[in-house]
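To start, the structure under review is shown below, and the notes come after it.
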Amino acid sequence: MPIESRIPVAIVGAGPAGLMLSHLLARRGIESVVVEIRSRHEIETTNRAGVLEQGAVRMLVDEGVSDRVLREGHEHEGIALRFGGHGYRIDFRRLVDAAVWLYPQQQVFTDLADARARDGGDVRFEVTDVSVEDHLTSPTLRFTDADGEQHVVRADIIVGADGSHSYCRGLVPPAERREYFTTYPYAWLGILAEAPPSADELVYVHSDRGFALLSQRTPTVQRMYLQCTPDEDLAQWPDDRIWEELIARTAGDGFALATGTITEKSILPFRSYVDETMRHGRLVLVGDAAHTVPPTGAKGLNLALADVGILADVIPRALASGDMDVLDEYAERALDRIWKVESFSYWMTQMLHLRPDGDAFDVHRQVGELRRIVTSDRGSAYLAEAYTGWAT
Ligand code: DHB
C-alpha cells in the first residue's frame with residue numbers, strides 16, 4: 001500500500017531553485033516536500049557556473065541559509081574584456097557601486113541541502129517513478145522513495161523546479177504554452193584545471209579564433225571555457241590542443257596564461273528559451289523548467305533564485321485566499337527580469353563569439369561594440385549593472 005499524505009506544496013526538483021523555495025516557504029510557515037531523481041552526491045559533483053549576483057548572495061545570507069558564501073566565496077568588483085590582444089577592466093564598484101561573488105553553484109546547492117536538513121525539511125533524493133496527476137484541480141504527486149516505498153502526496157500547489165528537460169513542463173499542453181526560443185551555432189568546451197590563476201578577475205575574451213573565458217575556483221583550481229561547435233567531439237580535444245587554443249585566444253599585452261593538469265572536460269550547450277506560461281492551474285514552473293539562457297554571463301542560477309523569491313511571496317497569498325488566480329502574479333512579476341536577462345545573455349553571447357561563417361563585417365561590428373563599452377562609462381555601465389544584477 002502506498003503511503004498517503006497531504007501537504008500544501010509539492011516541489012519536483014531539488015536543485016537550488018527547488019531547495020530555496022522549500023526553505024523560503026518554511027520560513028513563511030508553509031510546509032513542502034521536495035522530490036529529486038538524482039542523488040545528492042551526483043548534484044554536488046556536477047560542475048556548474050560560479051558567479052552569484054549580489055541579490056543572490058543577500059538572499060542566501062538574509063534568509064538564513066548560510067553565510068559560508070561570505071567566508072569562502074570571493075567578491076569580484078570587476079571583470080576584464082580582452083580583444084585585439086589587449087585587456088580592459090570593467091569596474092563594477094565605480095560604475096554601479098556593486099559586485100558579484102565567485103561561489104560555485106554546487107556550493108549553493110550544498111548550503112541549501114544542509115539548511116533544509118538542519119531545519120527538518122522533507123527532501124527526498126534518488127526517487128523514481130515521479131508522476132503528477134490532476135494539476136488543474138487537485139494535484140497528486142506519486143513517487144517511489146530511495147527505499148522502494150511508494151508515496152501518494154496530495155498538494156494544493158505543484159512546483160516544477162526540474163530543470164531544462166522538465167517533466168512538469170510536459171503537463172502543460174503544447175497549444176497552451178507561450179514558448180519562445182533561439183539557438184546558437186556554437187557551444188562551450190569547459191575545463192577544470194589544476195593551475196594557478198592567470199588573473200585576479202574573470203577574463204572574457206573575443207579573438208579571431210573565437211571566444212574564451214578564464215574563471216577561477218580556488219588558488220590551485222581554475223575553470224576555463226572555449227567556444228567550440230555544438231556537435232563538438234571531446235575526443236578531438238586532447239589537453240595540448242586545449243592549452244594551445246587558450247594561449248592563442250588570450251595572447252597579447254604580455255598576458256601569460258598559467259597552464260596545468262586538466263581534470264575535467266565537458267561540452268555546454270547553448271539555447272535561449274522562455275515559456276511565458278509559468279502557471280497552469282495549480283502548477284507553476286521555476287528556473288530552467290521555465291526558461292534557459294546561454295552560459296555567457298552566468299545568469300541561470302541567479303534568475304532561478306529571483307523567480308523563487310517572487311514565488312515565495314505569491315504562494316502564501318494564493319494558499320491563504322484559496323484563489324489560485326493569485327498565482328498569475330508570479331509570471332507577471334518574474335517575466336520582466338526574465339526578458340532582461342534573456343536579452344543580456346544573448347547580447348554578451350553575440351558580442352563575444354565568432355560566427356562559423358566567419359563574416360568579416362560581423363567581426364568588425366563586434367570590435368566596434370566592445371570599443372564603445374570600454375571607452376565610455378556610459379557604454380560600460382549597462383554591462384556592469386546587468387552583470388551584477390538589477391535591483392528589481
Ligand atoms: C563561470 C561561468 C560563466 O558562464 C560565466 O559567464 C562566468 C563564470 C564560471 O563557471 O565560473
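We name chains A, B, ... following the order of the C-alpha cells; residues begin at 1 in each chain, and ligands are numbered from 1 as shown.
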
Near-ligand residues for ligand 1, threshold 10 Å, only C-alpha atoms and all ligand atoms, as a PyMOL selection string: chain A and resi 47-52+79+102-105+188+190-192+202-204+213-217+222-225+268+293-300+345+348-349+387

Contacts of Leu246 of chain A at 7 Å (only C-alpha atoms; same-chain gap of 4+ positions) as a list in words: Ala212, Ile242 and Thr250 of chain A

Dump as a PDB file, in the first residue's frame, selection limited to C-alpha atoms:
```pdb
ATOM      1  CA  ALA A 212      37.414  32.140 -24.350  1.00  0.00           C
ATOM      2  CA  ILE A 242      43.033  22.971 -25.387  1.00  0.00           C
ATOM      3  CA  THR A 250      44.273  35.167 -24.795  1.00  0.00           C
TER       4      THR A 250
END
```

Nearest candidate to Asp208 of chain A (options A:Met59, A:Val96, A:Ala251, A:Val153; using only C-alpha atoms): A:Ala251

Counting only C-alpha atoms, the residue of A:Asp240, A:Glu342, A:Asp307, A:Asp377 that sits nearest Ala56 of chain A: A:Asp307

Counting only C-alpha atoms, the option among A:Pro238, A:Gly15, A:Gly389, A:Pro316 closest to Phe125 of chain A: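 For Phe125 of chain A, the nearest of the candidates is A:Gly15.
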
Long-range neighbours of His86 of chain A as a PyMOL selection string, 7 Å cut-off, only C-alpha atoms, 3 positions minimum in chain: chain A and resi 82-83+252-253

Go ahead and dump the residues you just picked, N, CA, C and O atoms, as a compact mmCIF listing (two decimals), in the first residue's frame.
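Output file result_31.txt is given in full below:
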```
# COMPACT_ATOMS: atom_id res chain seq x y z
N ARG A 82 38.82 41.17 -23.01
CA ARG A 82 40.04 41.17 -23.84
C ARG A 82 39.66 41.05 -25.29
O ARG A 82 38.88 40.17 -25.67
N PHE A 83 40.21 41.92 -26.10
CA PHE A 83 40.02 41.80 -27.55
C PHE A 83 41.15 42.56 -28.23
O PHE A 83 41.74 43.47 -27.63
N GLY A 252 48.69 38.41 -26.20
CA GLY A 252 48.81 39.86 -26.39
C GLY A 252 49.12 40.54 -25.08
O GLY A 252 48.87 39.95 -24.00
N ASP A 253 49.65 41.79 -25.15
CA ASP A 253 49.81 42.56 -23.91
C ASP A 253 50.75 41.92 -22.90
O ASP A 253 50.68 42.27 -21.72
```

Test item: residues at most 7 Å from Cys228 of chain A, only C-alpha atoms, excluding those fewer than 6 positions along its chain, as a ChimeraX atom specification: /A:186-189

Got time to write the residues from that selection, N, CA, C and O atoms, as a short mmCIF file (atom, residue, chain, number, x, y, z; two decimals), in the first residue's frame?
```cif
data_model
loop_
_atom_site.label_atom_id
_atom_site.label_comp_id
_atom_site.auth_asym_id
_atom_site.auth_seq_id
_atom_site.Cartn_x
_atom_site.Cartn_y
_atom_site.Cartn_z
N TYR A 186 27.07 27.68 -31.82
CA TYR A 186 28.29 27.33 -31.07
C TYR A 186 27.93 26.80 -29.70
O TYR A 186 26.77 26.84 -29.28
N ALA A 187 28.96 26.29 -29.02
CA ALA A 187 28.81 25.77 -27.66
C ALA A 187 30.12 26.10 -26.93
O ALA A 187 31.00 26.75 -27.51
N TRP A 188 30.23 25.68 -25.66
CA TRP A 188 31.49 25.86 -24.93
C TRP A 188 32.06 24.51 -24.57
O TRP A 188 31.32 23.58 -24.23
N LEU A 189 33.39 24.46 -24.64
CA LEU A 189 34.11 23.35 -24.04
C LEU A 189 34.59 23.89 -22.70
O LEU A 189 35.31 24.90 -22.66
#
```

Residue among A:Ala175, A:Gln350, A:Val286, A:Leu301 lying closest to Gln227 of chain A, counting only C-alpha atoms: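 Of A:Ala175, A:Gln350, A:Val286, A:Leu301, the one nearest Gln227 of chain A, counting only C-alpha atoms, is A:Gln350.
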
Pick out the residues sitting within 10 Å of His165 of chain A, and hand them over as a PDB file with all heavy atoms, in the first residue's frame; count only C-alpha atoms, and ignore anything fewer than 5 positions along from it in its own chain.
```
ATOM      1  N   GLY A 170       5.961  19.363 -19.316  1.00  0.00           N
ATOM      2  CA  GLY A 170       5.223  18.468 -20.212  1.00  0.00           C
ATOM      3  C   GLY A 170       3.763  18.311 -19.830  1.00  0.00           C
ATOM      4  O   GLY A 170       2.967  17.804 -20.619  1.00  0.00           O
ATOM      5  N   ASP A 288      15.137  26.835 -14.725  1.00  0.00           N
ATOM      6  CA  ASP A 288      15.352  26.278 -16.063  1.00  0.00           C
ATOM      7  C   ASP A 288      14.130  25.547 -16.609  1.00  0.00           C
ATOM      8  O   ASP A 288      14.039  25.336 -17.827  1.00  0.00           O
ATOM      9  CB  ASP A 288      16.537  25.290 -16.048  1.00  0.00           C
ATOM     10  CG  ASP A 288      17.887  25.983 -16.054  1.00  0.00           C
ATOM     11  OD1 ASP A 288      17.917  27.228 -16.123  1.00  0.00           O
ATOM     12  OD2 ASP A 288      18.912  25.272 -15.988  1.00  0.00           O
ATOM     13  N   ALA A 289      13.211  25.138 -15.768  1.00  0.00           N
ATOM     14  CA  ALA A 289      11.995  24.487 -16.275  1.00  0.00           C
ATOM     15  C   ALA A 289      11.169  25.480 -17.099  1.00  0.00           C
ATOM     16  O   ALA A 289      10.441  25.094 -18.005  1.00  0.00           O
ATOM     17  CB  ALA A 289      11.164  23.930 -15.121  1.00  0.00           C
ATOM     18  N   ALA A 290      11.294  26.766 -16.775  1.00  0.00           N
ATOM     19  CA  ALA A 290      10.504  27.795 -17.467  1.00  0.00           C
ATOM     20  C   ALA A 290      11.324  28.578 -18.486  1.00  0.00           C
ATOM     21  O   ALA A 290      10.771  29.153 -19.417  1.00  0.00           O
ATOM     22  CB  ALA A 290       9.907  28.771 -16.446  1.00  0.00           C
TER      23      ALA A 290
END
```

All residues 8 Å or closer to segment 3-14 of chain A, only C-alpha atoms, same chain fewer than 3 positions away omitted, as a PyMOL selection string: chain A and resi 17-19+22+30-37+123+125+141+149-163+168+319
